[in-house]
>>> print(open('model_20.txt').read())   # compact mmCIF, C-alpha atoms
# COMPACT_ATOMS: atom_id res chain seq x y z
CA MET J 24 -11.12 204.91 38.26
CA ARG J 25 -9.55 207.78 36.29
CA THR J 26 -7.59 208.82 39.39
CA LEU J 27 -6.26 205.31 39.80
CA TRP J 28 -5.03 205.18 36.20
CA TRP J 29 -3.51 208.61 36.57
CA THR J 30 -1.68 207.53 39.72
CA LEU J 31 -0.33 204.37 38.12
CA ALA J 32 0.84 206.29 35.06
CA ILE J 33 2.50 209.06 37.09
CA ALA J 34 4.13 206.63 39.51
CA GLY J 35 5.46 204.53 36.62
CA MET J 36 6.79 207.49 34.67
CA SER J 37 8.33 209.04 37.78
CA LEU J 38 10.16 205.87 38.72
CA ILE J 39 11.47 205.44 35.18
CA SER J 40 12.59 209.09 35.19
CA ILE J 41 14.37 208.66 38.52
CA VAL J 42 16.23 205.61 37.23
CA LEU J 43 17.17 207.36 33.96
CA SER J 44 18.19 210.43 35.93
CA GLN J 45 20.62 208.32 37.96
CA HIS J 46 22.20 207.32 34.64
CA ARG J 47 22.57 211.01 33.69
CA THR J 48 20.15 210.75 30.75
CA PHE J 49 18.50 214.08 31.51
CA ASP J 50 21.68 216.13 31.99
CA PRO J 51 21.19 218.15 28.77
CA LEU J 52 17.60 218.94 29.80
CA GLN J 53 18.66 220.02 33.28
CA ASN J 54 21.49 222.09 31.83
CA LEU J 55 19.00 223.80 29.49
CA SER J 56 16.54 224.49 32.29
CA LEU J 57 19.26 226.05 34.45
CA THR J 58 20.33 228.14 31.46
CA VAL J 59 16.80 229.55 31.23
CA ALA J 60 16.21 229.91 34.95
CA ALA J 61 19.67 231.08 36.08
CA PRO J 62 19.37 234.79 35.14
CA ILE J 63 15.92 235.01 36.74
CA GLU J 64 17.05 233.16 39.86
CA SER J 65 20.14 235.33 40.12
CA GLY J 66 18.07 238.50 39.84
CA ILE J 67 15.54 237.35 42.40
CA GLY J 68 18.37 236.22 44.70
CA ASP J 69 19.90 239.72 44.59
CA LEU J 70 16.53 241.28 45.34
CA ALA J 71 15.97 238.81 48.16
CA ASP J 72 19.01 239.88 50.16
CA PRO J 73 17.15 242.68 51.99
CA ALA J 74 14.26 240.28 52.61
CA SER J 75 16.74 237.87 54.12
CA ASP J 76 18.03 240.59 56.44
CA PHE J 77 14.45 241.39 57.42
CA PHE J 78 13.68 237.79 58.24
CA GLN J 79 16.87 237.52 60.26
CA GLY J 80 16.10 240.43 62.50
CA VAL J 81 15.13 244.05 62.91
CA PHE J 82 15.67 247.10 60.77
CA ASP J 83 19.41 247.89 60.90
CA ARG J 84 20.47 244.33 61.51
CA GLY J 85 21.60 244.18 57.86
CA ASP J 86 24.62 246.41 58.65
CA ILE J 87 25.57 244.21 61.57
CA VAL J 88 25.26 241.12 59.44
CA ARG J 89 27.48 242.62 56.73
CA GLU J 90 30.04 243.77 59.30
CA ASN J 91 29.95 240.35 60.90
CA GLU J 92 30.47 238.74 57.51
CA ARG J 93 33.47 241.00 56.80
CA LEU J 94 35.06 240.18 60.16
CA ARG J 95 34.36 236.51 59.69
CA ARG J 96 36.08 236.54 56.32
CA GLU J 97 39.06 238.37 57.81
CA LEU J 98 39.24 235.78 60.60
CA GLU J 99 38.94 232.99 58.07
CA ARG J 100 41.81 234.45 56.02
CA LEU J 101 44.05 234.72 59.08
CA GLN J 102 43.11 231.24 60.26
CA THR J 103 43.93 229.89 56.81
CA GLN J 104 47.41 231.44 57.08
CA VAL J 105 47.91 230.04 60.59
CA ALA J 106 46.71 226.59 59.53
CA ALA J 107 49.02 226.62 56.52
CA GLY J 108 51.91 227.73 58.76
CA GLU J 109 51.33 225.09 61.40
CA ASP J 110 50.98 222.38 58.83
CA ALA J 111 54.07 223.61 56.97
CA THR J 112 56.12 223.36 60.18
CA ARG J 113 54.97 219.81 60.74
CA ARG J 114 55.69 218.93 57.16
CA VAL J 115 59.21 220.37 57.23
CA ARG J 116 60.03 217.97 60.06
CA GLU J 117 58.70 215.09 58.01
CA LEU J 118 60.46 216.18 54.84
CA GLU J 119 63.80 216.55 56.58
CA ASP J 120 63.67 212.79 57.05
CA ALA J 121 62.80 212.15 53.49
CA LEU J 122 65.71 213.38 51.44
CA GLY J 123 65.11 213.54 47.78
CA PHE J 124 61.45 214.23 48.22
CA LYS J 125 60.12 216.35 45.43
CA ASN J 126 56.84 218.08 45.64
CA SER J 127 55.05 216.79 42.60
CA HIS J 128 52.00 218.95 43.09
CA PRO J 129 51.75 221.71 40.49
CA ASP J 130 50.60 225.17 41.47
CA ASP J 131 46.90 225.31 42.14
CA GLN J 132 44.73 226.15 39.17
CA LEU J 133 41.39 227.63 40.13
CA VAL J 134 38.14 228.34 38.33
CA VAL J 135 36.03 231.12 39.80
CA ALA J 136 32.28 230.50 39.82
CA ASP J 137 29.24 232.36 41.11
CA VAL J 138 26.51 230.75 43.14
CA ILE J 139 23.19 231.05 41.31
CA ALA J 140 20.80 228.97 43.40
CA GLN J 141 20.43 226.83 46.49
CA ASP J 142 18.82 223.43 46.70
CA PRO J 143 15.48 224.17 48.36
CA SER J 144 14.63 220.66 49.57
CA GLY J 145 16.18 221.01 53.01
CA LEU J 146 17.32 217.39 52.84
CA LYS J 147 20.47 218.46 51.04
CA ARG J 148 22.95 221.29 51.43
CA ALA J 149 23.81 222.05 47.82
CA LEU J 150 24.42 225.12 45.68
CA ALA J 151 24.21 225.58 41.91
CA VAL J 152 27.15 227.40 40.31
CA ASN J 153 27.49 228.93 36.87
CA ARG J 154 30.42 226.85 35.60
CA GLY J 155 30.37 223.35 34.16
CA SER J 156 32.29 220.73 32.26
CA LYS J 157 32.97 223.21 29.43
CA ASP J 158 35.07 225.15 31.96
CA GLY J 159 37.05 222.06 32.92
CA LEU J 160 35.02 221.08 35.97
CA ASP J 161 34.43 217.46 36.91
CA GLU J 162 32.58 215.64 39.63
CA GLY J 163 34.49 215.28 42.88
CA MET J 164 36.59 218.41 42.38
CA VAL J 165 37.36 220.34 45.53
CA VAL J 166 35.68 223.70 46.10
CA LEU J 167 37.06 226.51 48.24
CA SER J 168 35.60 229.73 49.54
CA ARG J 169 36.95 233.03 48.26
CA ASP J 170 39.34 233.06 51.22
CA GLY J 171 40.65 229.56 50.68
CA SER J 172 38.85 227.32 53.14
CA LEU J 173 37.16 224.10 52.04
CA VAL J 174 33.41 224.41 51.43
CA GLY J 175 32.63 221.19 49.54
CA THR J 176 32.97 219.19 46.35
CA LEU J 177 31.18 219.12 43.01
CA SER J 178 28.48 216.46 43.05
CA LEU J 179 26.81 216.98 39.66
CA VAL J 180 28.39 218.65 36.64
CA TYR J 181 26.48 219.66 33.51
CA ASP J 182 27.88 221.43 30.45
CA ASP J 183 27.44 224.96 31.80
CA PHE J 184 26.44 224.47 35.43
CA ALA J 185 27.34 222.35 38.42
CA TRP J 186 25.94 221.45 41.83
CA LEU J 187 28.23 221.91 44.78
CA ARG J 188 27.74 219.58 47.76
CA LEU J 189 28.62 221.56 50.87
CA ILE J 190 30.58 220.12 53.80
CA THR J 191 27.35 220.52 55.83
CA ASP J 192 25.48 218.09 53.55
CA PRO J 193 24.62 214.74 55.19
CA ASN J 194 26.38 212.95 52.30
CA SER J 195 29.65 214.79 52.86
CA ALA J 196 32.54 213.16 54.75
CA VAL J 197 36.07 214.59 54.80
CA ASN J 198 39.18 213.07 56.36
CA VAL J 199 40.52 215.75 58.67
CA ALA J 200 43.30 216.52 61.11
CA VAL J 201 42.64 218.52 64.26
CA LEU J 202 45.68 220.65 65.04
CA PRO J 203 45.85 221.12 68.82
CA GLN J 204 47.14 224.42 70.13
CA GLY J 205 50.59 224.37 71.68
CA GLU J 206 53.87 222.74 70.81
CA GLY J 207 54.35 219.01 70.88
CA ASN J 208 50.75 217.95 70.60
CA ALA J 209 50.15 215.52 67.79
CA ALA J 210 47.41 216.15 65.26
CA ALA J 211 44.30 214.04 65.77
CA ARG J 212 42.79 212.45 62.70
CA GLY J 213 39.09 212.00 62.25
CA ILE J 214 36.19 212.53 59.88
CA ALA J 215 34.20 215.72 59.36
CA ALA J 216 30.68 214.64 58.47
CA GLY J 217 27.83 216.87 57.38
CA ASP J 218 24.79 216.91 59.59
CA LEU J 219 21.36 218.50 59.07
CA ARG J 220 21.06 219.42 62.72
CA SER J 221 24.45 220.73 63.73
CA GLY J 222 26.22 221.56 60.48
CA VAL J 223 29.47 219.58 60.64
CA THR J 224 30.44 217.02 63.26
CA LEU J 225 33.91 215.65 63.90
CA GLU J 226 33.79 211.91 64.39
CA MET J 227 36.20 209.00 64.95
CA LEU J 228 38.67 211.18 66.84
CA PRO J 229 41.04 209.10 69.02
CA THR J 230 40.08 209.26 72.69
CA GLU J 231 43.65 209.77 73.89
CA THR J 232 44.23 213.03 72.01
CA GLU J 233 43.64 216.37 73.66
CA ILE J 234 41.48 218.66 71.61
CA SER J 235 39.74 221.79 72.74
CA PRO J 236 37.48 224.50 71.33
CA GLY J 237 39.36 226.79 68.99
CA ASP J 238 41.67 224.11 67.59
CA LEU J 239 42.10 224.36 63.84
CA VAL J 240 40.70 221.62 61.63
CA THR J 241 42.26 220.94 58.23
CA THR J 242 42.05 218.23 55.62
CA SER J 243 44.42 215.35 56.38
CA GLY J 244 44.87 214.28 52.77
CA LEU J 245 44.00 210.68 53.61
CA GLY J 246 42.01 208.91 50.95
CA GLY J 247 43.25 211.17 48.19
CA ASN J 248 40.01 213.01 47.63
CA TYR J 249 41.19 216.31 49.13
CA PRO J 250 44.55 218.06 49.11
CA ARG J 251 46.28 218.24 52.45
CA ALA J 252 46.07 221.22 54.84
CA LEU J 253 42.94 222.90 53.57
CA LEU J 254 41.23 224.72 56.41
CA LEU J 255 37.69 223.63 57.30
CA GLY J 256 37.24 225.63 60.48
CA THR J 257 37.73 225.38 64.20
CA VAL J 258 36.52 223.05 66.92
CA LYS J 259 33.37 224.52 68.45
CA THR J 260 32.58 222.10 71.25
CA VAL J 261 34.01 218.76 72.35
CA GLU J 262 31.83 215.95 73.58
CA ASP J 263 33.93 213.79 75.86
CA ARG J 264 32.10 210.64 76.90
CA PRO J 265 34.38 208.38 78.95
CA GLN J 266 32.95 205.11 77.67
CA ALA J 267 32.75 206.12 74.02
CA PRO J 268 35.19 204.42 71.61
CA SER J 269 36.02 207.76 69.99
CA LYS J 270 35.73 211.47 70.65
CA HIS J 271 33.03 213.56 69.08
CA ALA J 272 33.11 217.31 68.45
CA LEU J 273 31.30 220.02 66.55
CA LEU J 274 33.01 222.09 63.88
CA GLU J 275 32.53 225.79 63.26
CA PRO J 276 33.16 226.14 59.49
CA ALA J 277 35.58 228.93 58.62
CA ALA J 278 33.43 230.04 55.70
CA ASP J 279 29.79 230.97 56.13
CA VAL J 280 28.54 228.27 53.78
CA SER J 281 24.98 229.57 53.86
CA ALA J 282 26.05 232.93 52.42
CA LEU J 283 28.50 231.92 49.69
CA GLU J 284 28.34 234.03 46.55
CA THR J 285 31.63 233.25 44.82
CA ILE J 286 33.57 230.00 45.04
CA LEU J 287 36.86 228.63 43.71
CA VAL J 288 37.05 225.20 42.12
CA VAL J 289 40.48 223.56 42.29
CA THR J 290 40.95 222.03 38.85
CA SER J 291 44.64 221.15 39.26
CA PHE J 292 44.01 218.65 42.05
CA LYS J 293 42.53 215.41 40.80
CA PRO J 294 40.64 213.50 43.49
CA ALA J 295 41.50 209.82 43.82
CA ARG J 296 38.26 208.86 42.11
CA LEU J 297 39.13 210.91 39.00
CA SER J 298 42.82 210.14 38.81
CA ALA J 299 42.38 206.39 39.26
CA PRO J 300 43.11 204.36 36.11
CA MET R 22 -5.61 229.40 28.40
CA LYS R 23 -6.07 228.00 31.91
CA TYR R 24 -3.35 225.42 31.26
CA LEU R 25 -1.01 228.15 30.02
CA ALA R 26 -1.68 230.11 33.20
CA ALA R 27 -1.01 226.98 35.26
CA LEU R 28 2.27 226.44 33.41
CA ALA R 29 3.35 230.06 33.98
CA GLY R 30 2.38 229.86 37.65
CA ALA R 31 4.25 226.60 38.13
CA PHE R 32 7.37 228.03 36.44
CA LEU R 33 7.26 231.13 38.65
CA ALA R 34 6.79 228.95 41.73
CA ALA R 35 9.77 226.75 40.75
CA VAL R 36 12.01 229.77 40.20
CA LEU R 37 10.90 231.36 43.48
CA THR R 38 11.51 228.12 45.34
CA ALA R 39 15.08 227.87 44.02
CA SER R 40 15.98 231.54 44.40
CA LEU R 41 13.82 233.27 47.02
CA SER R 42 12.91 230.48 49.46
CA PRO R 43 16.37 230.06 51.02
CA TYR R 44 16.29 233.75 51.99
CA VAL R 45 12.95 233.59 53.80
CA LYS R 46 13.44 230.70 56.17
CA VAL R 47 10.94 230.47 58.99
CA LEU R 48 11.44 227.95 61.82
CA GLY R 49 14.56 226.85 59.97
CA VAL R 50 12.78 225.73 56.80
CA ALA R 51 12.24 227.42 53.46
CA PRO R 52 8.70 227.60 52.05
CA ASP R 53 8.07 225.31 49.09
CA PHE R 54 6.23 227.55 46.65
CA VAL R 55 5.80 224.73 44.12
CA LEU R 56 3.97 222.55 46.61
CA ILE R 57 1.92 225.48 47.87
CA PHE R 58 0.99 226.52 44.33
CA ALA R 59 0.05 222.99 43.24
CA ALA R 60 -2.02 222.35 46.38
CA CYS R 61 -3.82 225.70 46.20
CA TRP R 62 -4.51 225.25 42.47
CA ALA R 63 -5.94 221.79 43.15
CA MET R 64 -8.21 223.15 45.88
CA VAL R 65 -9.37 226.12 43.81
CA ARG R 66 -9.76 224.44 40.41
CA GLY R 67 -10.48 220.83 41.29
CA GLN R 68 -9.03 217.40 40.84
CA SER R 69 -9.10 217.23 37.05
CA GLU R 70 -6.92 220.33 36.67
CA ALA R 71 -4.69 219.11 39.51
CA MET R 72 -3.92 216.08 37.34
CA PHE R 73 -2.31 218.47 34.85
CA VAL R 74 -0.74 220.98 37.24
CA VAL R 75 0.89 218.52 39.66
CA PRO R 76 3.14 216.73 37.11
CA ILE R 77 4.08 220.01 35.42
CA ALA R 78 4.92 221.69 38.73
CA GLY R 79 6.90 218.66 39.88
CA LEU R 80 8.82 218.48 36.63
CA LEU R 81 9.73 222.17 36.73
CA ARG R 82 10.82 221.84 40.35
CA ASP R 83 13.10 218.91 39.55
CA LEU R 84 14.65 220.78 36.65
CA THR R 85 15.80 223.58 38.96
CA THR R 86 17.13 221.42 41.82
CA SER R 87 19.72 218.69 42.23
CA ASP R 88 17.06 216.05 42.88
CA PRO R 89 16.63 213.20 40.38
CA LEU R 90 14.08 214.05 37.70
CA GLY R 91 10.73 212.54 38.64
CA LEU R 92 11.14 212.76 42.41
CA SER R 93 8.96 215.85 42.84
CA VAL R 94 6.32 214.58 40.40
CA LEU R 95 5.99 211.46 42.55
CA ALA R 96 6.16 213.34 45.84
CA LEU R 97 3.53 215.90 44.79
CA SER R 98 1.08 213.33 43.40
CA PRO R 99 -0.83 212.85 46.71
CA ILE R 100 -2.17 216.38 46.14
CA VAL R 101 -4.50 214.94 43.49
CA PHE R 102 -6.07 212.64 46.09
CA LEU R 103 -6.14 215.36 48.71
CA ALA R 104 -8.05 217.56 46.26
CA LEU R 105 -11.04 215.29 46.90
CA LEU R 106 -11.45 217.25 50.10
CA ARG R 107 -12.74 220.09 47.92
CA GLU R 108 -15.61 217.95 46.66
CA LEU R 109 -16.41 216.60 50.13
CA ARG R 110 -16.73 220.11 51.61
CA PRO R 111 -16.29 219.11 55.27
CA VAL R 112 -16.70 222.73 56.34
CA GLU R 113 -18.41 225.75 54.74
CA SER R 114 -15.11 227.54 54.11
CA ASP R 115 -12.90 226.74 51.09
CA PHE R 116 -9.87 228.25 52.72
CA LEU R 117 -9.42 226.02 55.78
CA PRO R 118 -9.45 222.76 53.79
CA ALA R 119 -6.81 224.31 51.49
CA LEU R 120 -4.52 224.90 54.47
CA VAL R 121 -5.10 221.34 55.67
CA VAL R 122 -4.25 220.03 52.18
CA VAL R 123 -1.03 222.09 52.06
CA ALA R 124 0.03 220.78 55.48
CA THR R 125 -0.79 217.15 54.60
CA ALA R 126 0.88 217.47 51.18
CA SER R 127 4.02 218.77 52.95
CA LEU R 128 4.10 215.66 55.11
CA ALA R 129 3.53 213.35 52.14
CA TYR R 130 6.13 215.20 50.06
CA SER R 131 8.80 214.82 52.77
CA ILE R 132 8.16 211.13 53.34
CA ILE R 133 8.12 210.26 49.62
CA SER R 134 11.21 212.31 48.80
CA MET R 135 13.14 210.86 51.74
CA THR R 136 12.14 207.36 50.64
CA VAL R 137 13.31 208.00 47.07
CA LEU R 138 16.58 209.62 48.17
CA THR R 139 17.27 206.70 50.51
CA ALA R 140 16.52 204.29 47.66
CA VAL R 141 19.00 206.00 45.31
CA GLY R 142 21.73 205.78 47.93
CA ASP R 143 21.69 209.19 49.59
CA ASP R 144 22.33 209.42 53.30
CA VAL R 145 19.06 210.62 54.84
CA SER R 146 18.82 211.00 58.59
CA TRP R 147 15.10 210.30 58.97
CA GLY R 148 14.71 211.30 62.58
CA THR R 149 16.39 214.66 62.20
CA ALA R 150 14.69 215.36 58.88
CA LEU R 151 11.22 214.54 60.19
CA LEU R 152 11.70 216.61 63.31
CA ARG R 153 13.59 219.56 61.86
CA LEU R 154 12.20 219.76 58.33
CA THR R 155 8.91 217.94 57.95
CA VAL R 156 7.09 219.14 61.05
CA PRO R 157 8.13 222.81 60.60
CA ALA R 158 7.24 222.56 56.88
CA MET R 159 3.72 221.48 57.86
CA VAL R 160 3.40 224.83 59.65
CA VAL R 161 5.42 227.09 57.35
CA ASN R 162 3.90 226.03 54.01
CA PRO R 163 0.31 226.72 55.18
CA LEU R 164 1.52 230.11 56.46
CA PHE R 165 2.71 231.03 52.97
CA ALA R 166 -0.41 229.48 51.45
CA VAL R 167 -2.25 232.35 53.12
CA ILE R 168 -0.48 234.58 50.56
CA VAL R 169 -0.84 232.27 47.54
CA TYR R 170 -4.43 231.04 47.95
CA PRO R 171 -6.41 234.32 47.86
CA PRO R 172 -5.11 235.51 44.43
CA LEU R 173 -5.79 232.09 42.92
CA ARG R 174 -9.28 232.08 44.44
CA TRP R 175 -9.89 235.59 43.19
CA LEU R 176 -8.74 234.77 39.64
CA SER R 177 -10.89 231.65 39.44
CA PRO R 178 -14.57 231.74 38.58
CA ARG R 179 -16.82 230.81 41.49
CA PRO R 180 -18.71 227.56 41.08
CA ARG R 181 -22.36 228.10 40.22
CA PRO R 182 -24.77 227.59 43.12
CA ALA R 183 -26.44 224.21 43.27
CA SER R 184 -29.87 223.97 41.67
CA PHE R 185 -31.48 222.36 44.65
CA GLY R 186 -32.27 223.47 48.17
CA VAL R 187 -34.40 226.29 49.49
CA GLY R 188 -33.80 228.67 46.56
CA SER R 189 -34.78 226.11 43.94
CA ALA R 190 -37.86 225.12 45.91
CA VAL R 191 -39.05 228.71 45.89
CA GLN R 192 -38.51 228.91 42.12
CA LEU R 193 -40.57 225.81 41.67
>>> encode(input="model_20.txt", output="structure tokens")
Amino acid sequence: MRTLWWTLAIAGMSLISIVLSQHRTFDPLQNLSLTVAAPIESGIGDLADPASDFFQGVFDRGDIVRENERLRRELERLQTQVAAGEDATRRVRELEDALGFKNSHPDDQLVVADVIAQDPSGLKRALAVNRGSKDGLDEGMVVLSRDGSLVGTLSLVYDDFAWLRLITDPNSAVNVAVLPQGEGNAAARGIAAGDLRSGVTLEMLPTETEISPGDLVTTSGLGGNYPRALLLGTVKTVEDRPQAPSKHALLEPAADVSALETILVVTSFKPARLSAP
Amino acid sequence: MKYLAALAGAFLAAVLTASLSPYVKVLGVAPDFVLIFAACWAMVRGQSEAMFVVPIAGLLRDLTTSDPLGLSVLALSPIVFLALLRELRPVESDFLPALVVVATASLAYSIISMTVLTAVGDDVSWGTALLRLTVPAMVVNPLFAVIVYPPLRWLSPRPRPASFGVGSAVQL
């Protein structure tokens, strides 16, 4: 009988807490708990790096992993430049037709933040960072890797901390443009959706466009939630089913989102949700 | 004192889950130290103490993740029922039932948390999550329970032998 009462009480209180939590009632409490836990979590995270290397492989694999990470970042930086170049060329052609156009976007303003924890549930791909609304952050703001590629958006913002939803999270969907290699090929627009199994999938790509592995994928700017021409990564594989209404592909993110330590939050770009009246 | 120790243990487990777990993934999933701690505590100390430890552990877990507050408390609550296995003593060993409880609690935790997340509007791909997270978690969490259970068992006083049976008959 006591167990039954306990269960009813716990279930009732939990459900009320979940509802209140959705209304952001417990934000101060969660901010406080992260304030207490963050230094400990950070310290343990630093100590855990060698353990991570151990679990990934054999003894000197750590050096290979670090070297691989350095090369990957270099590649990401170069790809970012190429993507920006290709998009700039396309844009020049468009702008030539639109005399009087004035770029109203101010220079990017960025807030640097450190990753302090990862969401452990496995159902989400989220990271906690040590900056919050006191630093000018708001929900929906775009987050870049240190080398400038898109890694996600802010999903929860407390006073001093925030949760970053990665592009690999199942709740993430970004309007993208696939830039085919070679002159004259039009960019294919689609959606980059997070997926627990394969990371990021490219969906709703038009069947008539030619895309191939290695093509760059950038934000298209559609919808107003992301600035245009931010690099996400490259096409990894293309699934071409003749009867399918759209093409489907897998994306190789430019940034290693599972190993992010420092991120950049773009505070100058207001997503459509925030800038709407 | 025992409740203070439970609180400290639950806090440590919550911090380890948020900071260390992502670095020690096995079979693609991170061990859930909070669940392992709560289940092992329930099996070592009994149902009445589990009724205290489970809500505390769940609360601390929620405070260090992006989940809505209350989700883990709800998802961990089946541990209290599973702790009945300790009283039933289906086998002579205490350890094997503890592993079974950790595995079953992992399954219950996944299903409840996915239900809650779906209810609050999150996109949860059930098939993938069950196959890639829940099933591996039912193996990985008991593996790590092998590390957590023995110290808890060692720190807890052994239950006194029953006053009936062959020994008591001889005394009579």
>>> closest_residue(input="model_20.txt", among="R:Leu176, R:Val112, R:Ala27, R:Ile132", to="chain J", atoms="only C-alpha atoms")
R:Ile132
>>> interface_residues(input="model_20.txt", of="chain R", to="chain J", cutoff="7 Å", atoms="only C-alpha atoms", output="list in words")
Val36, Thr38, Ala39, Ser40, Leu41, Ser42, Pro43, Tyr44, Val45, Val50, Ala51, Leu84, Thr85, Thr86, Ser87, Pro89, Leu90, Gly91, Leu92, Val94, Leu95, Asp143, Asp144, Val145, Thr149, Ala150 and Leu154 of chain R
>>> axis_aligned_box(input="model_20.txt", around="stretch 55-65 of chain R", padding_each_side="5 Å", output="AutoDock Vina command-line options")
--center_x -1.8 --center_y 224.2 --center_z 45.2 --size_x 25.2 --size_y 14.7 --size_z 15.4
>>> closest_residue(input="model_20.txt", among="J:Val135, J:Trp28, J:Thr290, J:Ala106", to="J:Leu253", atoms="only C-alpha atoms")
J:Ala106
>>> atom_distance(input="model_20.txt", atom1="atom CA of J:Val258", atom2="atom CA of J:Pro236")
4.7 Å
>>> residues_around(input="model_20.txt", residues="R:Phe165", least_positions_apart="2", cutoff="9 Å", atoms="only C-alpha atoms", output="list in words")
Pro52, Asp53, Phe54, Ile57, Val161, Asn162, Pro163, Val167, Ile168, Val169 and Tyr170 of chain R
>>> atom_distance(input="model_20.txt", atom1="atom CA of R:Val156", atom2="atom CA of R:Ser93")
18.6 Å
>>> closest_residue(input="model_20.txt", among="J:Ala196, J:Arg89, J:Ile286, J:Arg148", to="J:Asn248", atoms="only C-alpha atoms")
J:Ala196
>>> decode(input="model_20.txt", residues="stretch 90-103 of chain R", atoms="C-alpha atoms", output="PDB file, in the first residue's frame")
ATOM      1  CA  LEU R  90      12.665  18.595 -14.578  1.00  0.00           C
ATOM      2  CA  GLY R  91      10.784  15.545 -13.327  1.00  0.00           C
ATOM      3  CA  LEU R  92      11.448  13.300 -16.314  1.00  0.00           C
ATOM      4  CA  SER R  93      14.204  11.279 -14.655  1.00  0.00           C
ATOM      5  CA  VAL R  94      12.310  11.021 -11.358  1.00  0.00           C
ATOM      6  CA  LEU R  95       9.419   9.466 -13.253  1.00  0.00           C
ATOM      7  CA  ALA R  96      11.623   7.295 -15.444  1.00  0.00           C
ATOM      8  CA  LEU R  97      13.644   5.959 -12.498  1.00  0.00           C
ATOM      9  CA  SER R  98      10.612   5.193 -10.321  1.00  0.00           C
ATOM     10  CA  PRO R  99      10.199   1.575 -11.568  1.00  0.00           C
ATOM     11  CA  ILE R 100      13.409   0.818  -9.653  1.00  0.00           C
ATOM     12  CA  VAL R 101      11.380   0.942  -6.432  1.00  0.00           C
ATOM     13  CA  PHE R 102       9.148  -1.870  -7.702  1.00  0.00           C
ATOM     14  CA  LEU R 103      12.086  -3.797  -9.099  1.00  0.00           C
TER      15      LEU R 103
END
